[in-house]
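Pasting entry.txt here (compact mmCIF, C-alpha atoms):
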```txt
# COMPACT_ATOMS: atom_id res chain seq x y z
CA MET A 1 3.72 15.13 -10.26
CA GLU A 2 1.39 13.24 -8.01
CA ALA A 3 0.01 9.72 -8.13
CA TYR A 4 -3.64 8.97 -8.90
CA LEU A 5 -4.71 5.46 -7.91
CA SER A 6 -7.85 3.68 -9.07
CA PHE A 7 -9.28 1.08 -6.71
CA ASN A 8 -11.68 -1.81 -7.13
CA GLY A 9 -14.31 -0.54 -4.68
CA ASN A 10 -12.07 -0.15 -1.62
CA ALA A 11 -10.59 3.35 -2.07
CA ALA A 12 -12.00 4.64 1.24
CA GLU A 13 -10.43 1.74 3.14
CA ALA A 14 -7.11 2.17 1.31
CA LEU A 15 -6.95 5.91 1.93
CA ALA A 16 -7.72 5.46 5.63
CA PHE A 17 -4.92 2.85 5.79
CA TYR A 18 -2.46 5.20 4.04
CA ALA A 19 -3.43 8.14 6.27
CA LYS A 20 -2.70 6.02 9.34
CA SER A 21 0.44 4.35 7.93
CA LEU A 22 2.00 7.56 6.62
CA GLY A 23 0.77 9.96 9.30
CA GLY A 24 -1.41 11.84 6.82
CA LYS A 25 -4.94 13.08 6.44
CA ILE A 26 -7.68 12.94 3.86
CA LEU A 27 -8.18 16.46 2.54
CA PHE A 28 -11.16 15.78 0.30
CA SER A 29 -13.46 12.87 -0.45
CA MET A 30 -16.62 12.67 -2.56
CA THR A 31 -18.64 9.58 -3.39
CA PHE A 32 -20.33 8.95 -6.72
CA GLY A 33 -23.65 9.40 -4.92
CA GLU A 34 -22.64 12.84 -3.59
CA SER A 35 -21.56 14.06 -7.01
CA PRO A 36 -23.73 15.93 -9.52
CA MET A 37 -24.20 12.59 -11.33
CA GLY A 38 -25.38 10.92 -8.12
CA LYS A 39 -28.98 10.44 -9.25
CA ASP A 40 -27.73 8.56 -12.32
CA THR A 41 -25.28 6.38 -10.39
CA PRO A 42 -26.23 2.74 -9.79
CA ASP A 43 -26.95 1.96 -6.13
CA SER A 44 -23.90 -0.35 -6.07
CA HIS A 45 -21.62 2.67 -6.61
CA LYS A 46 -23.34 5.48 -4.69
CA LYS A 47 -21.04 5.03 -1.66
CA LYS A 48 -17.88 4.38 -3.68
CA ILE A 49 -15.24 7.13 -3.92
CA MET A 50 -15.47 9.27 -7.06
CA HIS A 51 -12.46 11.38 -6.03
CA ALA A 52 -10.35 11.83 -2.91
CA THR A 53 -7.08 13.49 -1.97
CA LEU A 54 -4.75 12.36 0.79
CA GLU A 55 -1.85 14.45 2.06
CA ALA A 56 1.02 12.74 3.83
CA ARG A 57 4.68 13.59 4.35
CA GLY A 58 4.35 16.77 2.27
CA LYS A 59 2.98 14.90 -0.77
CA GLN A 60 -0.45 14.05 -2.12
CA ILE A 61 -2.02 10.87 -3.41
CA MET A 62 -5.31 11.17 -5.26
CA ALA A 63 -7.61 8.20 -5.66
CA SER A 64 -11.00 6.92 -6.70
CA ASP A 65 -12.90 3.72 -7.14
CA LEU A 66 -13.37 2.68 -10.73
CA PRO A 67 -16.64 3.92 -12.22
CA PRO A 68 -19.44 1.45 -12.92
CA GLY A 69 -18.63 -0.81 -15.86
CA MET A 70 -14.85 -0.40 -15.73
CA ALA A 71 -12.79 -3.52 -15.03
CA PHE A 72 -9.97 -3.51 -12.49
CA ASP A 73 -6.74 -4.97 -13.89
CA GLY A 74 -4.40 -4.53 -10.93
CA TYR A 75 -1.34 -2.31 -10.63
CA LYS A 76 1.53 -2.71 -13.08
CA GLY A 77 4.66 -0.87 -14.08
CA PHE A 78 5.09 1.55 -11.15
CA SER A 79 5.77 1.79 -7.43
CA LEU A 80 4.93 4.52 -4.98
CA SER A 81 8.12 5.58 -3.23
CA VAL A 82 8.38 6.99 0.27
CA GLN A 83 11.56 8.48 1.71
CA ALA A 84 12.42 7.95 5.36
CA LYS A 85 14.69 10.22 7.38
CA ASP A 86 16.56 7.32 8.99
CA VAL A 87 16.73 3.52 9.16
CA LYS A 88 14.37 3.25 12.14
CA GLU A 89 11.67 5.37 10.46
CA GLY A 90 12.12 3.42 7.22
CA GLU A 91 11.75 0.12 9.04
CA GLN A 92 8.53 1.33 10.70
CA LEU A 93 7.10 2.60 7.40
CA PHE A 94 7.94 -0.71 5.71
CA LYS A 95 6.36 -2.72 8.54
CA THR A 96 3.20 -0.60 8.60
CA LEU A 97 2.68 -0.44 4.84
CA SER A 98 3.30 -4.18 4.38
CA GLU A 99 0.78 -5.16 7.10
CA GLY A 100 -1.63 -7.56 5.40
CA GLY A 101 0.40 -7.39 2.18
CA LYS A 102 3.71 -8.94 1.20
CA ALA A 103 7.35 -7.96 1.07
CA THR A 104 8.79 -8.29 -2.44
CA MET A 105 12.28 -7.22 -1.30
CA PRO A 106 12.89 -7.35 2.46
CA TYR A 107 13.88 -4.11 4.18
CA ALA A 108 17.68 -4.07 4.56
CA ALA A 109 20.82 -2.08 3.87
CA THR A 110 21.88 -1.89 0.22
CA PHE A 111 24.87 -0.39 -1.57
CA TRP A 112 22.86 2.82 -2.17
CA SER A 113 20.94 3.07 1.08
CA PRO A 114 21.22 2.15 4.76
CA GLY A 115 17.57 1.01 4.50
CA PHE A 116 15.52 -0.02 1.47
CA GLY A 117 12.66 -2.42 0.87
CA MET A 118 9.89 -3.15 -1.62
CA LEU A 119 6.40 -4.37 -0.85
CA GLU A 120 2.92 -4.83 -2.17
CA ASP A 121 0.36 -3.54 0.30
CA LYS A 122 -2.89 -5.32 1.15
CA PHE A 123 -4.61 -3.46 -1.69
CA GLY A 124 -2.07 -4.66 -4.25
CA VAL A 125 -0.31 -1.28 -4.59
CA PRO A 126 3.49 -1.59 -4.98
CA TRP A 127 5.71 0.55 -2.70
CA MET A 128 9.40 1.25 -2.18
CA VAL A 129 10.67 2.53 1.18
CA ASN A 130 14.05 4.22 0.96
CA VAL A 131 16.43 5.96 3.36
CA ASP A 132 18.78 8.50 1.83
CA GLN A 133 22.49 7.75 2.18
CA PRO A 134 23.98 10.02 4.85
CA GLN A 135 25.91 12.94 3.35
CA SER A 136 29.47 13.36 4.58
```

Rewrite the coordinates I just gave you, this time as structure tokens.
Amino acid sequence: MEAYLSFNGNAAEALAFYAKSLGGKILFSMTFGESPMGKDTPDSHKKKIMHATLEARGKQIMASDLPPGMAFDGYKGFSLSVQAKDVKEGEQLFKTLSEGGKATMPYAATFWSPGFGMLEDKFGVPWMVNVDQPQS
């Protein structure tokens, strides 16, 4: 399974932020204006993302801006989760992803992990950063 995020007009900015934060790359991106329905797209949406795919850390996130006429209602009931190989990498991921956003659970050791934190990024997307417990 892969996540598909809908944005309120700032998908290109969000995907660029995620590519930088997660060390990934945008594999595909098409605007509404570039699509076969481009001539029928209102000018306000021609440069908005109709579909894009980002690959980072061996996973993909797909995204788009909402089509014209659809209302954005925020993100509810899920979190994107990223696994870090160690505490230092987890701390860096948490710091980078939370830049301009807010920590909802500060990054710290827990009973299940040497490093875990929850945040809402500057686009309002909820994230969890987790370090696997070392295996003995």

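Between atom CA of Leu66 of chain A and atom CA of Gly100 of chain A the interatomic distance comes to 22.4 Å.
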
>> Let me make sure I understand: among A:Leu97, A:Val82, A:Ala71, A:Leu5, which one has the smallest atom-to-atom distance to Tyr18 of chain A if we use only C-alpha atoms?
In response: A:Leu97

>> At a cut-off of 7 Å, using all atoms listed in the file, what residues contact segment 10-16 of chain A? Leave out same-chain residues fewer than 4 positions from it and give the result as a list of chain:residue names.
In response: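 Within the cut-off, the hits are A:Lys20, A:Ile49, A:Leu54, A:Ala63, A:Ser64, A:Asp65, A:Phe123.
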
>> Give me, as JSON, numbers by chain, all polymer residues having an atom no more than 7 Å from segment 22-28 of chain A, counting all atoms listed in the file and skipping those fewer than 2 positions away in the same chain.
In response: {"A": [18, 19, 20, 30, 52, 53, 54, 55, 56, 57]}

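Distance-wise, atom CA of Leu93 of chain A and atom CA of Ala3 of chain A end up 18.5 Å apart.
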
> Using only C-alpha atoms, which residues sit within 7 Å of Gly117 of chain A once same-chain residues fewer than 3 positions away are excluded, as a list in words?
Replying inline: Phe94, Met105, Pro106, Tyr107, Ala108, Met128, Val129 and Asn130 of chain A

What box, with edges along x, y and z, holds each listed atom of segment 120-126 of chain A when 5 Å is added on every side, and can you state its centre and edge lengths in Å to one decimal, as AutoDock Vina command-line options?
```
--center_x -0.6 --center_y -3.3 --center_z -1.9 --size_x 18.1 --size_y 14.0 --size_z 16.1
```

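Here atom CA of Pro134 of chain A is placed at a distance of 11.1 Å from atom CA of Gly115 of chain A.
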
>> Which polymer residues, whether protein, DNA or RNA, lie within 12 Å of the coordinate (-0.3, -4.9, -13.7) when you count all atoms listed in the file? List them as a list in words, using the chain letters and numbers from the file.
In response: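 Looking at atoms near the point gives Phe72, Asp73, Gly74, Tyr75, Lys76, Gly77, Phe78, Ser79, Glu120, Gly124, Val125 and Pro126 of chain A.
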
> Which residue out of A:Ala109, A:Met1, A:Ile61, A:Val131 has the minimum interatomic distance to Ala84 of chain A when only C-alpha atoms are used?
Replying inline: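 Under the stated criterion, the closest residue is A:Val131.
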
>> Calculated over only C-alpha atoms, which of the candidates A:Ser21, A:Asp40, A:Asp121, A:Phe7 has the smallest distance to Gln92 of chain A?
In response: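 Using only C-alpha atoms, the shortest distance to Gln92 of chain A belongs to A:Ser21.
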
>> I'd like the neighbourhood of Lys85 of chain A as a PyMOL selection string, where a residue qualifies if any of its atoms comes within 8 Å (using all atoms listed in the file), though same-chain residues fewer than 4 positions away should be ignored.
In response: chain A and resi 89-90+131-132

>> Within 6 Å of (24.6, 6.2, 1.3) in the file's own coordinates, which protein, DNA or RNA residues have an atom, counting all atoms listed in the file? List them as a PyMOL selection string.
In response: chain A and resi 112-113+133-134

Since the input is missing atoms, can you rebuild all heavy atoms for segment 80-91 of chain A and write them as a PDB file, in the frame of the given file?
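selection_35.pdb was written with the following content:
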```pdb
ATOM      1  N   LEU A  80       4.913   3.292  -5.752  1.00  0.00           N
ATOM      2  CA  LEU A  80       4.930   4.520  -4.980  1.00  0.00           C
ATOM      3  C   LEU A  80       6.183   4.451  -4.113  1.00  0.00           C
ATOM      4  O   LEU A  80       6.525   3.391  -3.594  1.00  0.00           O
ATOM      5  CB  LEU A  80       3.680   4.633  -4.099  1.00  0.00           C
ATOM      6  CG  LEU A  80       2.352   4.736  -4.843  1.00  0.00           C
ATOM      7  CD1 LEU A  80       1.202   4.856  -3.841  1.00  0.00           C
ATOM      8  CD2 LEU A  80       2.344   5.928  -5.783  1.00  0.00           C
ATOM      9  N   SER A  81       6.881   5.554  -3.991  1.00  0.00           N
ATOM     10  CA  SER A  81       8.120   5.580  -3.230  1.00  0.00           C
ATOM     11  C   SER A  81       7.998   6.556  -2.079  1.00  0.00           C
ATOM     12  O   SER A  81       7.534   7.681  -2.262  1.00  0.00           O
ATOM     13  CB  SER A  81       9.272   5.998  -4.148  1.00  0.00           C
ATOM     14  OG  SER A  81      10.487   6.018  -3.434  1.00  0.00           O
ATOM     15  N   VAL A  82       8.404   6.120  -0.904  1.00  0.00           N
ATOM     16  CA  VAL A  82       8.380   6.990   0.270  1.00  0.00           C
ATOM     17  C   VAL A  82       9.790   7.032   0.859  1.00  0.00           C
ATOM     18  O   VAL A  82      10.450   6.006   0.997  1.00  0.00           O
ATOM     19  CB  VAL A  82       7.318   6.521   1.311  1.00  0.00           C
ATOM     20  CG1 VAL A  82       7.571   5.131   1.812  1.00  0.00           C
ATOM     21  CG2 VAL A  82       7.210   7.500   2.459  1.00  0.00           C
ATOM     22  N   GLN A  83      10.245   8.253   1.143  1.00  0.00           N
ATOM     23  CA  GLN A  83      11.560   8.480   1.710  1.00  0.00           C
ATOM     24  C   GLN A  83      11.457   8.567   3.232  1.00  0.00           C
ATOM     25  O   GLN A  83      10.573   9.243   3.752  1.00  0.00           O
ATOM     26  CB  GLN A  83      12.157   9.788   1.189  1.00  0.00           C
ATOM     27  CG  GLN A  83      12.492   9.778  -0.279  1.00  0.00           C
ATOM     28  CD  GLN A  83      13.602   8.819  -0.615  1.00  0.00           C
ATOM     29  OE1 GLN A  83      13.405   7.920  -1.400  1.00  0.00           O
ATOM     30  NE2 GLN A  83      14.764   8.987  -0.020  1.00  0.00           N
ATOM     31  N   ALA A  84      12.346   7.901   3.901  1.00  0.00           N
ATOM     32  CA  ALA A  84      12.420   7.950   5.360  1.00  0.00           C
ATOM     33  C   ALA A  84      13.652   8.753   5.767  1.00  0.00           C
ATOM     34  O   ALA A  84      14.651   8.770   5.049  1.00  0.00           O
ATOM     35  CB  ALA A  84      12.493   6.544   5.927  1.00  0.00           C
ATOM     36  N   LYS A  85      13.568   9.387   6.934  1.00  0.00           N
ATOM     37  CA  LYS A  85      14.690  10.220   7.380  1.00  0.00           C
ATOM     38  C   LYS A  85      15.835   9.391   7.950  1.00  0.00           C
ATOM     39  O   LYS A  85      16.979   9.825   7.959  1.00  0.00           O
ATOM     40  CB  LYS A  85      14.216  11.260   8.392  1.00  0.00           C
ATOM     41  CG  LYS A  85      13.726  10.673   9.700  1.00  0.00           C
ATOM     42  CD  LYS A  85      13.227  11.725  10.662  1.00  0.00           C
ATOM     43  CE  LYS A  85      12.737  11.042  11.921  1.00  0.00           C
ATOM     44  NZ  LYS A  85      11.599  11.628  12.501  1.00  0.00           N
ATOM     45  N   ASP A  86      15.515   8.185   8.442  1.00  0.00           N
ATOM     46  CA  ASP A  86      16.560   7.320   8.990  1.00  0.00           C
ATOM     47  C   ASP A  86      16.097   5.860   8.923  1.00  0.00           C
ATOM     48  O   ASP A  86      14.950   5.571   8.562  1.00  0.00           O
ATOM     49  CB  ASP A  86      16.942   7.724  10.416  1.00  0.00           C
ATOM     50  CG  ASP A  86      15.762   7.736  11.384  1.00  0.00           C
ATOM     51  OD1 ASP A  86      14.898   6.829  11.318  1.00  0.00           O
ATOM     52  OD2 ASP A  86      15.699   8.651  12.224  1.00  0.00           O
ATOM     53  N   VAL A  87      17.002   4.957   9.263  1.00  0.00           N
ATOM     54  CA  VAL A  87      16.730   3.520   9.160  1.00  0.00           C
ATOM     55  C   VAL A  87      15.540   3.102  10.017  1.00  0.00           C
ATOM     56  O   VAL A  87      14.689   2.324   9.573  1.00  0.00           O
ATOM     57  CB  VAL A  87      17.993   2.709   9.530  1.00  0.00           C
ATOM     58  CG1 VAL A  87      17.688   1.216   9.611  1.00  0.00           C
ATOM     59  CG2 VAL A  87      19.100   2.964   8.512  1.00  0.00           C
ATOM     60  N   LYS A  88      15.467   3.628  11.230  1.00  0.00           N
ATOM     61  CA  LYS A  88      14.370   3.250  12.140  1.00  0.00           C
ATOM     62  C   LYS A  88      13.018   3.672  11.560  1.00  0.00           C
ATOM     63  O   LYS A  88      12.058   2.901  11.569  1.00  0.00           O
ATOM     64  CB  LYS A  88      14.608   3.883  13.513  1.00  0.00           C
ATOM     65  CG  LYS A  88      13.598   3.462  14.546  1.00  0.00           C
ATOM     66  CD  LYS A  88      13.918   4.056  15.914  1.00  0.00           C
ATOM     67  CE  LYS A  88      12.865   3.649  16.916  1.00  0.00           C
ATOM     68  NZ  LYS A  88      13.127   4.196  18.241  1.00  0.00           N
ATOM     69  N   GLU A  89      12.929   4.915  11.058  1.00  0.00           N
ATOM     70  CA  GLU A  89      11.670   5.370  10.460  1.00  0.00           C
ATOM     71  C   GLU A  89      11.341   4.541   9.222  1.00  0.00           C
ATOM     72  O   GLU A  89      10.192   4.152   9.005  1.00  0.00           O
ATOM     73  CB  GLU A  89      11.752   6.855  10.094  1.00  0.00           C
ATOM     74  CG  GLU A  89      10.443   7.357   9.503  1.00  0.00           C
ATOM     75  CD  GLU A  89      10.522   8.772   8.975  1.00  0.00           C
ATOM     76  OE1 GLU A  89      11.462   9.077   8.200  1.00  0.00           O
ATOM     77  OE2 GLU A  89       9.621   9.565   9.316  1.00  0.00           O
ATOM     78  N   GLY A  90      12.347   4.239   8.412  1.00  0.00           N
ATOM     79  CA  GLY A  90      12.120   3.420   7.220  1.00  0.00           C
ATOM     80  C   GLY A  90      11.605   2.038   7.571  1.00  0.00           C
ATOM     81  O   GLY A  90      10.682   1.517   6.936  1.00  0.00           O
ATOM     82  N   GLU A  91      12.181   1.440   8.590  1.00  0.00           N
ATOM     83  CA  GLU A  91      11.750   0.120   9.040  1.00  0.00           C
ATOM     84  C   GLU A  91      10.288   0.152   9.497  1.00  0.00           C
ATOM     85  O   GLU A  91       9.497  -0.743   9.192  1.00  0.00           O
ATOM     86  CB  GLU A  91      12.661  -0.352  10.165  1.00  0.00           C
ATOM     87  CG  GLU A  91      12.466  -1.783  10.570  1.00  0.00           C
ATOM     88  CD  GLU A  91      13.551  -2.238  11.528  1.00  0.00           C
ATOM     89  OE1 GLU A  91      14.009  -1.427  12.372  1.00  0.00           O
ATOM     90  OE2 GLU A  91      13.932  -3.414  11.437  1.00  0.00           O
TER      91      GLU A  91
END
```
